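**Student:** PDB, C-alpha atoms, file start05.pdb:
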```pdb
MODEL        1
ATOM      1  CA  MET A  11      -6.824  21.585 -51.735
ATOM      2  CA  GLU A  12      -9.180  23.350 -49.368
ATOM      3  CA  GLY A  13      -7.272  22.038 -46.387
ATOM      4  CA  GLU A  14      -4.062  23.566 -47.686
ATOM      5  CA  LEU A  15      -5.782  26.879 -48.300
ATOM      6  CA  ALA A  16      -7.064  26.800 -44.709
ATOM      7  CA  HIS A  17      -3.502  26.315 -43.493
ATOM      8  CA  ILE A  18      -2.296  29.275 -45.557
ATOM      9  CA  GLY A  19      -5.159  31.296 -44.105
ATOM     10  CA  ALA A  20      -4.152  30.235 -40.602
ATOM     11  CA  GLY A  21      -0.628  31.465 -41.258
ATOM     12  CA  LEU A  22      -1.953  34.766 -42.575
ATOM     13  CA  ALA A  23      -4.179  35.158 -39.515
ATOM     14  CA  ALA A  24      -1.101  34.745 -37.334
ATOM     15  CA  ILE A  25       0.155  38.108 -38.705
ATOM     16  CA  GLY A  26      -2.477  39.593 -36.407
ATOM     17  CA  SER A  27      -0.426  38.441 -33.428
ATOM     18  CA  GLY A  28       2.436  40.603 -34.637
ATOM     19  CA  ALA A  29       0.105  43.563 -35.043
ATOM     20  CA  ALA A  30      -1.147  43.056 -31.492
ATOM     21  CA  ALA A  31       2.469  42.927 -30.332
ATOM     22  CA  ILE A  32       2.998  46.406 -31.815
ATOM     23  CA  GLY A  33      -0.068  47.616 -29.936
ATOM     24  CA  VAL A  34       0.995  46.106 -26.622
ATOM     25  CA  GLY A  35       4.493  47.530 -27.037
ATOM     26  CA  ASN A  36       3.019  50.939 -27.771
ATOM     27  CA  VAL A  37       0.915  50.896 -24.598
ATOM     28  CA  ALA A  38       3.722  49.692 -22.355
ATOM     29  CA  GLY A  39       6.325  51.977 -23.914
ATOM     30  CA  ASN A  40       4.198  55.074 -23.608
ATOM     31  CA  TYR A  41       3.319  54.181 -20.033
ATOM     32  CA  LEU A  42       6.984  53.832 -19.198
ATOM     33  CA  ALA A  43       7.843  57.101 -20.921
ATOM     34  CA  GLY A  44       5.170  58.877 -18.904
ATOM     35  CA  ALA A  45       6.061  57.083 -15.697
ATOM     36  CA  LEU A  46       9.723  58.070 -15.916
ATOM     37  CA  ARG A  47       8.814  61.697 -16.456
ATOM     38  CA  ASN A  48       6.511  61.743 -13.459
ATOM     39  CA  PRO A  49       7.190  58.721 -11.244
ATOM     40  CA  SER A  50       4.874  59.940  -8.484
ATOM     41  CA  ALA A  51       1.840  59.639 -10.770
ATOM     42  CA  ALA A  52       2.848  56.225 -12.135
ATOM     43  CA  ALA A  53       1.395  54.049  -9.383
ATOM     44  CA  SER A  54      -2.103  55.454  -9.815
ATOM     45  CA  GLN A  55      -2.115  54.600 -13.519
ATOM     46  CA  THR A  56      -1.170  50.917 -13.400
ATOM     47  CA  ALA A  57      -4.840  49.927 -13.579
ATOM     48  CA  THR A  58      -5.257  51.949 -16.766
ATOM     49  CA  LEU A  59      -2.072  50.358 -18.094
ATOM     50  CA  PHE A  60      -3.451  46.871 -17.610
ATOM     51  CA  ILE A  61      -6.806  47.757 -19.152
ATOM     52  CA  GLY A  62      -4.995  49.173 -22.178
ATOM     53  CA  LEU A  63      -2.772  46.104 -22.422
ATOM     54  CA  ALA A  64      -5.790  43.824 -22.183
ATOM     55  CA  PHE A  65      -7.651  45.594 -24.977
ATOM     56  CA  ALA A  66      -4.599  45.576 -27.244
ATOM     57  CA  GLU A  67      -3.834  41.955 -26.482
ATOM     58  CA  ALA A  68      -7.405  40.728 -26.981
ATOM     59  CA  LEU A  69      -7.238  41.516 -30.689
ATOM     60  CA  GLY A  70      -4.112  39.427 -31.054
ATOM     61  CA  ILE A  71      -5.895  36.604 -29.261
ATOM     62  CA  PHE A  72      -8.764  36.956 -31.729
ATOM     63  CA  ALA A  73      -6.281  36.496 -34.584
ATOM     64  CA  PHE A  74      -4.883  33.434 -32.846
ATOM     65  CA  LEU A  75      -8.392  32.077 -32.444
ATOM     66  CA  VAL A  76      -9.121  32.582 -36.144
ATOM     67  CA  SER A  77      -6.018  30.642 -37.069
ATOM     68  CA  LEU A  78      -6.921  27.866 -34.622
ATOM     69  CA  LEU A  79     -10.405  27.653 -36.147
ATOM     70  CA  LEU A  80      -8.933  27.463 -39.641
ATOM     71  CA  MET A  81      -6.478  24.770 -38.572
ATOM     72  CA  PHE A  82      -8.822  22.487 -36.663
ATOM     73  CA  ALA A  83     -12.444  23.434 -37.235
ATOM     74  CA  VAL A  84     -12.699  24.119 -40.993
TER      75      VAL A  84
ATOM     76  CA  MET B  11       0.573  11.470 -23.264
ATOM     77  CA  ALA B  12       4.017  11.772 -24.856
ATOM     78  CA  GLU B  13       5.681   8.448 -25.420
ATOM     79  CA  GLU B  14       9.433   8.135 -25.655
ATOM     80  CA  LYS B  15      10.385   7.489 -29.262
ATOM     81  CA  SER B  16      13.874   7.328 -30.644
ATOM     82  CA  GLU B  17      13.037   9.211 -33.851
ATOM     83  CA  GLY B  18      11.413  12.039 -31.871
ATOM     84  CA  GLY B  19       9.192  14.751 -33.302
ATOM     85  CA  LEU B  20       5.654  15.606 -32.359
ATOM     86  CA  VAL B  21       4.072  12.428 -31.016
ATOM     87  CA  PHE B  22       1.087  14.177 -29.452
ATOM     88  CA  HIS B  23      -1.088  17.019 -30.501
ATOM     89  CA  PRO B  24      -0.587  20.338 -28.646
ATOM     90  CA  LEU B  25      -4.342  20.724 -28.232
ATOM     91  CA  ASP B  26      -4.879  17.207 -26.834
ATOM     92  CA  GLN B  27      -4.671  18.649 -23.319
ATOM     93  CA  PHE B  28      -7.989  20.440 -23.765
ATOM     94  CA  ILE B  29     -10.048  17.320 -24.482
ATOM     95  CA  VAL B  30     -12.964  17.002 -22.074
ATOM     96  CA  LYS B  31     -13.099  13.469 -20.687
ATOM     97  CA  PRO B  32     -15.624  11.931 -18.304
ATOM     98  CA  LEU B  33     -14.030  11.002 -14.993
ATOM     99  CA  PHE B  34     -15.932   7.736 -14.626
ATOM    100  CA  GLY B  35     -16.379   5.418 -17.581
ATOM    101  CA  ASP B  36     -16.013   6.319 -21.243
ATOM    102  CA  GLY B  37     -19.544   7.441 -22.032
ATOM    103  CA  ALA B  38     -20.514  10.556 -23.947
ATOM    104  CA  VAL B  39     -20.179  13.927 -22.203
ATOM    105  CA  GLY B  40     -23.668  15.118 -21.326
ATOM    106  CA  MET B  41     -25.017  18.088 -19.444
ATOM    107  CA  PHE B  42     -24.364  16.662 -15.974
ATOM    108  CA  THR B  43     -21.421  14.345 -16.655
ATOM    109  CA  ILE B  44     -18.609  14.729 -14.155
ATOM    110  CA  THR B  45     -15.580  15.462 -16.304
ATOM    111  CA  ASN B  46     -12.009  16.566 -15.734
ATOM    112  CA  VAL B  47     -13.224  20.165 -16.127
ATOM    113  CA  THR B  48     -15.666  19.703 -13.255
ATOM    114  CA  LEU B  49     -12.959  18.080 -11.169
ATOM    115  CA  TRP B  50     -10.520  20.950 -11.553
ATOM    116  CA  MET B  51     -13.188  23.579 -10.987
ATOM    117  CA  ALA B  52     -14.135  21.744  -7.796
ATOM    118  CA  ILE B  53     -10.486  21.576  -6.732
ATOM    119  CA  SER B  54     -10.113  25.324  -7.157
ATOM    120  CA  VAL B  55     -13.279  25.956  -5.149
ATOM    121  CA  VAL B  56     -12.023  23.650  -2.390
ATOM    122  CA  ALA B  57      -8.655  25.436  -2.423
ATOM    123  CA  ILE B  58     -10.373  28.811  -2.090
ATOM    124  CA  ILE B  59     -12.466  27.555   0.826
ATOM    125  CA  ALA B  60      -9.368  26.090   2.463
ATOM    126  CA  LEU B  61      -7.516  29.377   2.230
ATOM    127  CA  PHE B  62     -10.324  31.769   3.101
ATOM    128  CA  VAL B  63     -12.396  29.809   5.596
ATOM    129  CA  PHE B  64      -9.936  27.549   7.358
ATOM    130  CA  GLY B  65      -6.870  29.753   6.765
ATOM    131  CA  THR B  66      -8.450  32.765   8.479
ATOM    132  CA  LYS B  67     -10.363  30.850  11.143
ATOM    133  CA  LYS B  68      -8.125  31.855  14.047
ATOM    134  CA  ARG B  69      -8.431  35.592  13.284
ATOM    135  CA  ASP B  70      -5.055  36.367  14.773
ATOM    136  CA  ILE B  71      -4.090  39.965  15.433
ATOM    137  CA  VAL B  72      -0.691  39.082  13.984
ATOM    138  CA  PRO B  73      -1.701  37.019  10.939
ATOM    139  CA  GLY B  74      -0.016  33.766  10.084
ATOM    140  CA  LYS B  75       1.043  32.757   6.574
ATOM    141  CA  ALA B  76      -2.347  31.667   5.222
ATOM    142  CA  GLN B  77      -4.149  34.548   6.905
ATOM    143  CA  SER B  78      -1.702  37.120   5.488
ATOM    144  CA  ILE B  79      -2.209  35.802   1.949
ATOM    145  CA  ALA B  80      -5.982  35.882   2.346
ATOM    146  CA  GLU B  81      -5.907  39.394   3.832
ATOM    147  CA  LEU B  82      -3.552  40.596   1.108
ATOM    148  CA  ILE B  83      -5.824  39.359  -1.688
ATOM    149  CA  TYR B  84      -8.912  40.695   0.072
ATOM    150  CA  SER B  85      -7.561  44.193   0.592
ATOM    151  CA  PHE B  86      -6.060  44.288  -2.901
ATOM    152  CA  ILE B  87      -9.398  43.572  -4.566
ATOM    153  CA  TYR B  88     -11.327  45.780  -2.127
ATOM    154  CA  LYS B  89      -9.078  48.716  -2.929
ATOM    155  CA  MET B  90      -9.441  48.076  -6.648
ATOM    156  CA  VAL B  91     -13.251  48.023  -6.463
ATOM    157  CA  GLU B  92     -13.283  51.174  -4.358
ATOM    158  CA  ASP B  93     -10.834  53.008  -6.633
ATOM    159  CA  ILE B  94     -12.750  52.279  -9.819
ATOM    160  CA  CYS B  95     -16.423  52.053  -8.792
ATOM    161  CA  GLY B  96     -16.364  54.434  -5.834
ATOM    162  CA  LYS B  97     -17.908  53.909  -2.414
ATOM    163  CA  GLU B  98     -21.252  52.622  -3.695
ATOM    164  CA  GLY B  99     -19.427  49.999  -5.745
ATOM    165  CA  ALA B 100     -18.244  48.319  -2.558
ATOM    166  CA  LYS B 101     -21.713  46.760  -2.281
ATOM    167  CA  TYR B 102     -20.861  44.522  -5.235
ATOM    168  CA  PHE B 103     -17.440  43.599  -3.874
ATOM    169  CA  PRO B 104     -18.398  39.965  -2.997
ATOM    170  CA  TYR B 105     -19.306  39.235  -6.620
ATOM    171  CA  ILE B 106     -16.060  40.660  -7.964
ATOM    172  CA  MET B 107     -14.015  38.926  -5.279
ATOM    173  CA  THR B 108     -15.650  35.597  -6.171
ATOM    174  CA  LEU B 109     -14.855  36.047  -9.847
ATOM    175  CA  PHE B 110     -11.263  37.007  -9.119
ATOM    176  CA  LEU B 111     -10.607  34.124  -6.745
ATOM    177  CA  PHE B 112     -12.151  31.519  -9.027
ATOM    178  CA  ILE B 113     -10.200  32.664 -12.068
ATOM    179  CA  LEU B 114      -6.960  33.104 -10.120
ATOM    180  CA  PHE B 115      -7.119  29.670  -8.523
ATOM    181  CA  ALA B 116      -8.248  27.940 -11.731
ATOM    182  CA  ASN B 117      -5.386  29.623 -13.621
ATOM    183  CA  TYR B 118      -2.735  28.716 -11.095
ATOM    184  CA  LEU B 119      -3.928  25.152 -10.524
ATOM    185  CA  ALA B 120      -3.885  24.679 -14.291
ATOM    186  CA  LEU B 121      -0.130  25.251 -14.229
ATOM    187  CA  ILE B 122       0.382  21.984 -12.361
ATOM    188  CA  PRO B 123       1.596  19.454 -14.938
ATOM    189  CA  MET B 124      -1.099  16.960 -16.089
ATOM    190  CA  SER B 125      -3.862  19.110 -14.651
ATOM    191  CA  TYR B 126      -6.689  20.625 -16.643
ATOM    192  CA  SER B 127      -7.346  24.324 -17.062
ATOM    193  CA  PRO B 128     -11.080  25.117 -16.842
ATOM    194  CA  THR B 129     -10.434  28.748 -17.805
ATOM    195  CA  SER B 130      -9.042  27.606 -21.175
ATOM    196  CA  MET B 131     -12.555  26.550 -22.181
ATOM    197  CA  ILE B 132     -14.616  29.262 -23.830
ATOM    198  CA  ALA B 133     -17.725  27.591 -22.368
ATOM    199  CA  VAL B 134     -16.499  28.293 -18.824
ATOM    200  CA  THR B 135     -15.276  31.839 -19.440
ATOM    201  CA  ALA B 136     -18.365  32.677 -21.508
ATOM    202  CA  VAL B 137     -20.556  31.874 -18.515
ATOM    203  CA  LEU B 138     -18.423  34.227 -16.398
ATOM    204  CA  GLY B 139     -18.254  36.921 -19.093
ATOM    205  CA  PHE B 140     -21.919  36.864 -20.066
ATOM    206  CA  GLY B 141     -22.833  36.646 -16.386
ATOM    207  CA  VAL B 142     -21.019  39.932 -15.817
ATOM    208  CA  PHE B 143     -22.691  41.419 -18.896
ATOM    209  CA  ILE B 144     -26.195  40.438 -17.765
ATOM    210  CA  VAL B 145     -25.619  41.555 -14.171
ATOM    211  CA  VAL B 146     -24.199  44.907 -15.244
ATOM    212  CA  THR B 147     -26.938  45.591 -17.798
ATOM    213  CA  ALA B 148     -29.717  44.632 -15.374
ATOM    214  CA  LEU B 149     -28.107  46.706 -12.630
ATOM    215  CA  GLY B 150     -27.798  49.694 -14.936
ATOM    216  CA  PHE B 151     -31.494  49.619 -15.771
ATOM    217  CA  ILE B 152     -32.560  48.975 -12.163
ATOM    218  CA  LEU B 153     -30.459  51.793 -10.708
ATOM    219  CA  ASN B 154     -30.866  54.389 -13.467
ATOM    220  CA  GLY B 155     -34.032  53.378 -15.282
ATOM    221  CA  PRO B 156     -34.208  54.388 -18.960
ATOM    222  CA  ALA B 157     -31.521  57.004 -18.240
ATOM    223  CA  PHE B 158     -29.029  54.154 -18.533
ATOM    224  CA  LEU B 159     -29.472  54.387 -22.311
ATOM    225  CA  GLY B 160     -27.965  57.885 -22.088
ATOM    226  CA  MET B 161     -24.636  56.092 -21.856
ATOM    227  CA  PHE B 162     -24.807  55.581 -25.624
ATOM    228  CA  TRP B 163     -25.753  59.178 -26.395
ATOM    229  CA  MET B 164     -22.676  61.372 -26.051
ATOM    230  CA  LYS B 165     -23.945  64.819 -25.054
ATOM    231  CA  ASP B 166     -20.585  66.526 -25.489
ATOM    232  CA  ALA B 167     -20.089  65.302 -29.069
ATOM    233  CA  PRO B 168     -21.104  67.422 -32.104
ATOM    234  CA  ALA B 169     -24.796  66.902 -32.923
ATOM    235  CA  ILE B 170     -24.121  65.441 -36.393
ATOM    236  CA  LEU B 171     -21.765  62.828 -35.030
ATOM    237  CA  ARG B 172     -23.990  61.708 -32.127
ATOM    238  CA  PRO B 173     -26.063  59.075 -34.013
ATOM    239  CA  ILE B 174     -22.914  57.565 -35.545
ATOM    240  CA  ILE B 175     -21.183  57.454 -32.157
ATOM    241  CA  ALA B 176     -24.326  55.937 -30.642
ATOM    242  CA  VAL B 177     -24.234  53.077 -33.170
ATOM    243  CA  ILE B 178     -20.548  52.454 -32.480
ATOM    244  CA  GLU B 179     -21.152  52.594 -28.722
ATOM    245  CA  VAL B 180     -24.001  50.078 -28.948
ATOM    246  CA  ILE B 181     -21.885  47.682 -31.004
ATOM    247  CA  SER B 182     -18.929  47.997 -28.636
ATOM    248  CA  TYR B 183     -21.252  47.453 -25.681
ATOM    249  CA  PHE B 184     -22.488  44.165 -27.100
ATOM    250  CA  VAL B 185     -19.014  42.990 -28.101
ATOM    251  CA  ARG B 186     -17.852  43.444 -24.479
ATOM    252  CA  PRO B 187     -18.917  40.022 -23.126
ATOM    253  CA  VAL B 188     -17.410  38.282 -26.158
ATOM    254  CA  SER B 189     -14.032  39.936 -25.833
ATOM    255  CA  HIS B 190     -14.212  39.690 -22.053
ATOM    256  CA  SER B 191     -14.547  35.901 -22.127
ATOM    257  CA  ILE B 192     -12.416  35.129 -25.184
ATOM    258  CA  ARG B 193      -9.534  37.197 -23.802
ATOM    259  CA  LEU B 194      -9.238  34.966 -20.750
ATOM    260  CA  ALA B 195      -9.820  31.668 -22.548
ATOM    261  CA  GLY B 196      -7.559  32.617 -25.444
ATOM    262  CA  ASN B 197      -4.682  33.717 -23.249
ATOM    263  CA  VAL B 198      -4.754  30.608 -21.095
ATOM    264  CA  MET B 199      -5.258  28.256 -24.034
ATOM    265  CA  ALA B 200      -2.516  29.906 -26.121
ATOM    266  CA  GLY B 201      -0.026  29.696 -23.263
ATOM    267  CA  HIS B 202      -0.712  26.038 -22.556
ATOM    268  CA  ALA B 203      -0.594  25.168 -26.272
ATOM    269  CA  VAL B 204       2.781  26.905 -26.669
ATOM    270  CA  ILE B 205       4.207  24.914 -23.737
ATOM    271  CA  LYS B 206       3.008  21.707 -25.413
ATOM    272  CA  VAL B 207       4.521  22.723 -28.758
ATOM    273  CA  PHE B 208       7.896  23.214 -27.071
ATOM    274  CA  ALA B 209       7.418  19.903 -25.275
ATOM    275  CA  GLY B 210       6.944  18.267 -28.678
ATOM    276  CA  PHE B 211      10.330  19.577 -29.819
ATOM    277  CA  ALA B 212      11.964  18.261 -26.636
ATOM    278  CA  ALA B 213      11.728  14.731 -28.068
ATOM    279  CA  LEU B 214      14.216  15.655 -30.808
ATOM    280  CA  THR B 215      17.686  15.008 -29.413
ATOM    281  CA  LEU B 216      19.315  17.831 -31.354
ATOM    282  CA  VAL B 217      17.154  20.683 -30.089
ATOM    283  CA  SER B 218      16.021  19.245 -26.758
ATOM    284  CA  PRO B 219      18.192  21.514 -24.529
ATOM    285  CA  VAL B 220      16.834  24.588 -26.286
ATOM    286  CA  ALA B 221      13.296  23.213 -26.122
ATOM    287  CA  ILE B 222      13.521  22.495 -22.397
ATOM    288  CA  LEU B 223      14.901  25.988 -21.770
ATOM    289  CA  GLY B 224      12.017  27.287 -23.858
ATOM    290  CA  ILE B 225       9.479  25.359 -21.767
ATOM    291  CA  THR B 226      10.982  26.837 -18.598
ATOM    292  CA  ALA B 227      10.859  30.360 -19.983
ATOM    293  CA  ILE B 228       7.298  30.034 -21.288
ATOM    294  CA  TYR B 229       6.239  28.463 -17.998
ATOM    295  CA  GLY B 230       7.617  31.470 -16.154
ATOM    296  CA  LEU B 231       5.685  33.727 -18.501
ATOM    297  CA  GLU B 232       2.553  31.676 -17.914
ATOM    298  CA  VAL B 233       2.825  32.121 -14.146
ATOM    299  CA  LEU B 234       2.791  35.851 -14.843
ATOM    300  CA  VAL B 235      -0.063  35.613 -17.363
ATOM    301  CA  ALA B 236      -2.220  33.550 -14.987
ATOM    302  CA  GLY B 237      -2.139  36.323 -12.411
ATOM    303  CA  ILE B 238      -2.443  39.172 -14.893
ATOM    304  CA  GLN B 239      -5.421  37.665 -16.717
ATOM    305  CA  ALA B 240      -7.321  37.139 -13.465
ATOM    306  CA  TYR B 241      -6.522  40.772 -12.587
ATOM    307  CA  VAL B 242      -7.550  42.027 -16.038
ATOM    308  CA  PHE B 243     -10.844  40.125 -15.957
ATOM    309  CA  THR B 244     -11.668  41.593 -12.552
ATOM    310  CA  ILE B 245     -10.612  45.122 -13.395
ATOM    311  CA  LEU B 246     -12.722  45.085 -16.562
ATOM    312  CA  THR B 247     -15.660  43.834 -14.500
ATOM    313  CA  CYS B 248     -15.115  46.853 -12.235
ATOM    314  CA  VAL B 249     -14.999  49.185 -15.237
ATOM    315  CA  TYR B 250     -18.244  47.775 -16.642
ATOM    316  CA  LEU B 251     -19.831  47.997 -13.203
ATOM    317  CA  LYS B 252     -18.775  51.629 -12.975
ATOM    318  CA  ASP B 253     -20.622  52.307 -16.245
ATOM    319  CA  ALA B 254     -23.770  50.828 -14.719
ATOM    320  CA  LEU B 255     -23.420  52.825 -11.490
ATOM    321  CA  HIS B 256     -22.542  56.162 -13.099
ATOM    322  CA  PRO B 257     -23.590  56.099 -16.769
ATOM    323  CA  HIS B 258     -22.840  59.819 -17.158
ATOM    324  CA  HIS B 259     -19.391  59.647 -15.520
TER     325      HIS B 259
ENDMDL
END
```
So, in terms of structure tokens, how does the structure I just supplied come out?
**Tutor:**
Amino acid sequence: MEGELAHIGAGLAAIGSGAAAIGVGNVAGNYLAGALRNPSAAASQTATLFIGLAFAEALGIFAFLVSLLLMFAV
Amino acid sequence: MAEEKSEGGLVFHPLDQFIVKPLFGDGAVGMFTITNVTLWMAISVVAIIALFVFGTKKRDIVPGKAQSIAELIYSFIYKMVEDICGKEGAKYFPYIMTLFLFILFANYLALIPMSYSPTSMIAVTAVLGFGVFIVVTALGFILNGPAFLGMFWMKDAPAILRPIIAVIEVISYFVRPVSHSIRLAGNVMAGHAVIKVFAGFAALTLVSPVAILGITAIYGLEVLVAGIQAYVFTILTCVYLKDALHPHH
């Protein structure tokens, strides 16, 4: 029984990946919106873009890690 | 790993590729056992030496192929360090360059089929991540003394909020090495696991064309991710280093 519950928990934790996808899309979309308004300033902000993407994506990876732990370690 | 079976389905586990095996014999993996992880880390170090020592040995005015690649990577990282940390950050450029090259080469060599990806192991990335954390913290205290703690005390925030912000800042400071290392390991591991999941479906005759197309697409994405994650790890190192060099911005 506990094993099945862990699998359900793993599936629920995978929702976090979707939430991270929203975050990553937000960052990239807003960057693009800004970059198209002022293309000359875009190149200087790519580093910030990647930092933002990394922070948003890390949380999705954490969710993935939780589900992996539930699947194989619990 | 995958054996041809007529009934198809998953015949191997997607996480089997991350098993650490000793290279010689079948003994237990101890502290100094030479394993497949060690082998692939050594291969990436040898590849870096080949490119940067032997590739640039001639020091041509008009660089050849290997020398152009090495110069391109060098100037790319140098510019990044200088942009983020400023002129005084250039002193720590060798450390950041070493981190970038090791992660980049380990990531790309891991994309060779049947190879092992050292950066998918949290043990490997945790050493890199916590190494950065310790170096940056020590450097902050050496360069600024106790004033480094002022980083946590926001002077331009309202006085009532300052203690609360300080607590949050301290927590986020200590979570940094964890997220720094798990981000890299998680990204690489997730990508490789997804490729293996698609490879498991490829054994089913009905969906195999779709699965093989999927493997190709995910592989392409992984080539991108390998580069981006090395870049992200390095750029975050630069950002943390900047905090140590100029804690008051």
**Student:** Against chain A, which residues of chain B fall within 12 Å? For each one I want the closest pair of atoms and the distance in Å (one decimal), counting only C-alpha atoms, rows by chain and increasing residue number, as JSON lines.
**Tutor:**
```
{"residue": "B:His23", "atom": "CA", "partner": "A:Phe82", "partner_atom": "CA", "distance": 11.3}
{"residue": "B:Pro24", "atom": "CA", "partner": "A:Leu78", "partner_atom": "CA", "distance": 11.5}
{"residue": "B:Leu25", "atom": "CA", "partner": "A:Phe82", "partner_atom": "CA", "distance": 9.7}
{"residue": "B:Asp26", "atom": "CA", "partner": "A:Phe82", "partner_atom": "CA", "distance": 11.8}
{"residue": "B:Ile87", "atom": "CA", "partner": "A:Ala57", "partner_atom": "CA", "distance": 11.9}
{"residue": "B:Lys89", "atom": "CA", "partner": "A:Ala57", "partner_atom": "CA", "distance": 11.5}
{"residue": "B:Met90", "atom": "CA", "partner": "A:Ala57", "partner_atom": "CA", "distance": 8.5}
{"residue": "B:Val91", "atom": "CA", "partner": "A:Ala57", "partner_atom": "CA", "distance": 11.2}
{"residue": "B:Asp93", "atom": "CA", "partner": "A:Ser54", "partner_atom": "CA", "distance": 9.6}
{"residue": "B:Ile94", "atom": "CA", "partner": "A:Ala57", "partner_atom": "CA", "distance": 9.1}
{"residue": "B:Ile132", "atom": "CA", "partner": "A:Leu75", "partner_atom": "CA", "distance": 11.0}
{"residue": "B:Val185", "atom": "CA", "partner": "A:Ala68", "partner_atom": "CA", "distance": 11.9}
{"residue": "B:Arg186", "atom": "CA", "partner": "A:Phe65", "partner_atom": "CA", "distance": 10.4}
{"residue": "B:Val188", "atom": "CA", "partner": "A:Ala68", "partner_atom": "CA", "distance": 10.3}
{"residue": "B:Ser189", "atom": "CA", "partner": "A:Ala68", "partner_atom": "CA", "distance": 6.8}
{"residue": "B:His190", "atom": "CA", "partner": "A:Ala68", "partner_atom": "CA", "distance": 8.5}
{"residue": "B:Ser191", "atom": "CA", "partner": "A:Ala68", "partner_atom": "CA", "distance": 9.9}
{"residue": "B:Ile192", "atom": "CA", "partner": "A:Phe72", "partner_atom": "CA", "distance": 7.7}
{"residue": "B:Arg193", "atom": "CA", "partner": "A:Ala68", "partner_atom": "CA", "distance": 5.2}
{"residue": "B:Leu194", "atom": "CA", "partner": "A:Ala68", "partner_atom": "CA", "distance": 8.7}
{"residue": "B:Ala195", "atom": "CA", "partner": "A:Ile71", "partner_atom": "CA", "distance": 9.2}
{"residue": "B:Gly196", "atom": "CA", "partner": "A:Ile71", "partner_atom": "CA", "distance": 5.8}
{"residue": "B:Asn197", "atom": "CA", "partner": "A:Ile71", "partner_atom": "CA", "distance": 6.8}
{"residue": "B:Val198", "atom": "CA", "partner": "A:Ile71", "partner_atom": "CA", "distance": 10.2}
{"residue": "B:Met199", "atom": "CA", "partner": "A:Leu75", "partner_atom": "CA", "distance": 9.8}
{"residue": "B:Ala200", "atom": "CA", "partner": "A:Phe74", "partner_atom": "CA", "distance": 8.0}
{"residue": "B:Gly201", "atom": "CA", "partner": "A:Ile71", "partner_atom": "CA", "distance": 10.9}
{"residue": "B:Ala203", "atom": "CA", "partner": "A:Leu78", "partner_atom": "CA", "distance": 10.8}
{"residue": "B:Val204", "atom": "CA", "partner": "A:Phe74", "partner_atom": "CA", "distance": 11.8}
{"residue": "B:Val235", "atom": "CA", "partner": "A:Ala64", "partner_atom": "CA", "distance": 11.1}
{"residue": "B:Gly237", "atom": "CA", "partner": "A:Phe60", "partner_atom": "CA", "distance": 11.8}
{"residue": "B:Ile238", "atom": "CA", "partner": "A:Phe60", "partner_atom": "CA", "distance": 8.2}
{"residue": "B:Gln239", "atom": "CA", "partner": "A:Ala64", "partner_atom": "CA", "distance": 8.2}
{"residue": "B:Ala240", "atom": "CA", "partner": "A:Ala64", "partner_atom": "CA", "distance": 11.1}
{"residue": "B:Tyr241", "atom": "CA", "partner": "A:Phe60", "partner_atom": "CA", "distance": 8.5}
{"residue": "B:Val242", "atom": "CA", "partner": "A:Phe60", "partner_atom": "CA", "distance": 6.5}
{"residue": "B:Phe243", "atom": "CA", "partner": "A:Ala64", "partner_atom": "CA", "distance": 8.8}
{"residue": "B:Thr244", "atom": "CA", "partner": "A:Ile61", "partner_atom": "CA", "distance": 10.3}
{"residue": "B:Ile245", "atom": "CA", "partner": "A:Ile61", "partner_atom": "CA", "distance": 7.4}
{"residue": "B:Leu246", "atom": "CA", "partner": "A:Ile61", "partner_atom": "CA", "distance": 7.0}
{"residue": "B:Thr247", "atom": "CA", "partner": "A:Ile61", "partner_atom": "CA", "distance": 10.7}
{"residue": "B:Cys248", "atom": "CA", "partner": "A:Ala57", "partner_atom": "CA", "distance": 10.8}
{"residue": "B:Val249", "atom": "CA", "partner": "A:Ile61", "partner_atom": "CA", "distance": 9.2}
{"residue": "B:Tyr250", "atom": "CA", "partner": "A:Ile61", "partner_atom": "CA", "distance": 11.7}
```
**Student:** Rounded to one decimal place, report the atom CA of Ser78 of chain B-atom CA of Ile59 of chain B distance in Å.
**Tutor:**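 Computing it gives 15.1 Å between the two atoms.
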**Student:** When you count all atoms listed in the file, which of these residues is closest to Ala212 of chain B: B:Ile225, B:Ala38, B:Leu49, B:Cys95?
**Tutor:**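 The answer is B:Ile225, which sits nearest to Ala212 of chain B.
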**Student:** Could you pull the residues within 8 Å of segment 11-25 of chain A, counting all atoms listed in the file, minus those fewer than 6 positions along the same chain, as a list in words?
**Tutor:**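 Residues near the query, excluding close chain neighbours: Ala73, Phe74, Val76, Ser77, Leu78, Leu80, Met81 and Val84 of chain A.
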**Student:** Pull C-alpha atoms from the residues just selected and write them as a PDB file, keeping the file's coordinate frame.
**Tutor:**
```pdb
ATOM      1  CA  ALA A  73      -6.281  36.496 -34.584  1.00  0.00           C
ATOM      2  CA  PHE A  74      -4.883  33.434 -32.846  1.00  0.00           C
ATOM      3  CA  VAL A  76      -9.121  32.582 -36.144  1.00  0.00           C
ATOM      4  CA  SER A  77      -6.018  30.642 -37.069  1.00  0.00           C
ATOM      5  CA  LEU A  78      -6.921  27.866 -34.622  1.00  0.00           C
ATOM      6  CA  LEU A  80      -8.933  27.463 -39.641  1.00  0.00           C
ATOM      7  CA  MET A  81      -6.478  24.770 -38.572  1.00  0.00           C
ATOM      8  CA  VAL A  84     -12.699  24.119 -40.993  1.00  0.00           C
TER       9      VAL A  84
END
```
**Student:** To one decimal in Å, tell me the separation between atom CA of Tyr105 of chain B and atom CA of Ile79 of chain B.
**Tutor:**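 Going from atom CA of Tyr105 of chain B over to atom CA of Ile79 of chain B covers 19.4 Å.
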**Student:** Could you give me, as a compact mmCIF listing (two decimals) with C-alpha atoms, in the frame of the given file, the residues that have an atom at most 7 Å away from the point (2.9, 56.5, -16.8) in the coordinates of the file, using all atoms listed in the file?
**Tutor:**
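To be explicit, this is the file written out as out-v9.txt:
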```
# COMPACT_ATOMS: atom_id res chain seq x y z
CA TYR A 41 3.32 54.18 -20.03
CA LEU A 42 6.98 53.83 -19.20
CA ALA A 43 7.84 57.10 -20.92
CA GLY A 44 5.17 58.88 -18.90
CA ALA A 45 6.06 57.08 -15.70
CA ALA A 51 1.84 59.64 -10.77
CA ALA A 52 2.85 56.22 -12.14
CA GLN A 55 -2.12 54.60 -13.52
```
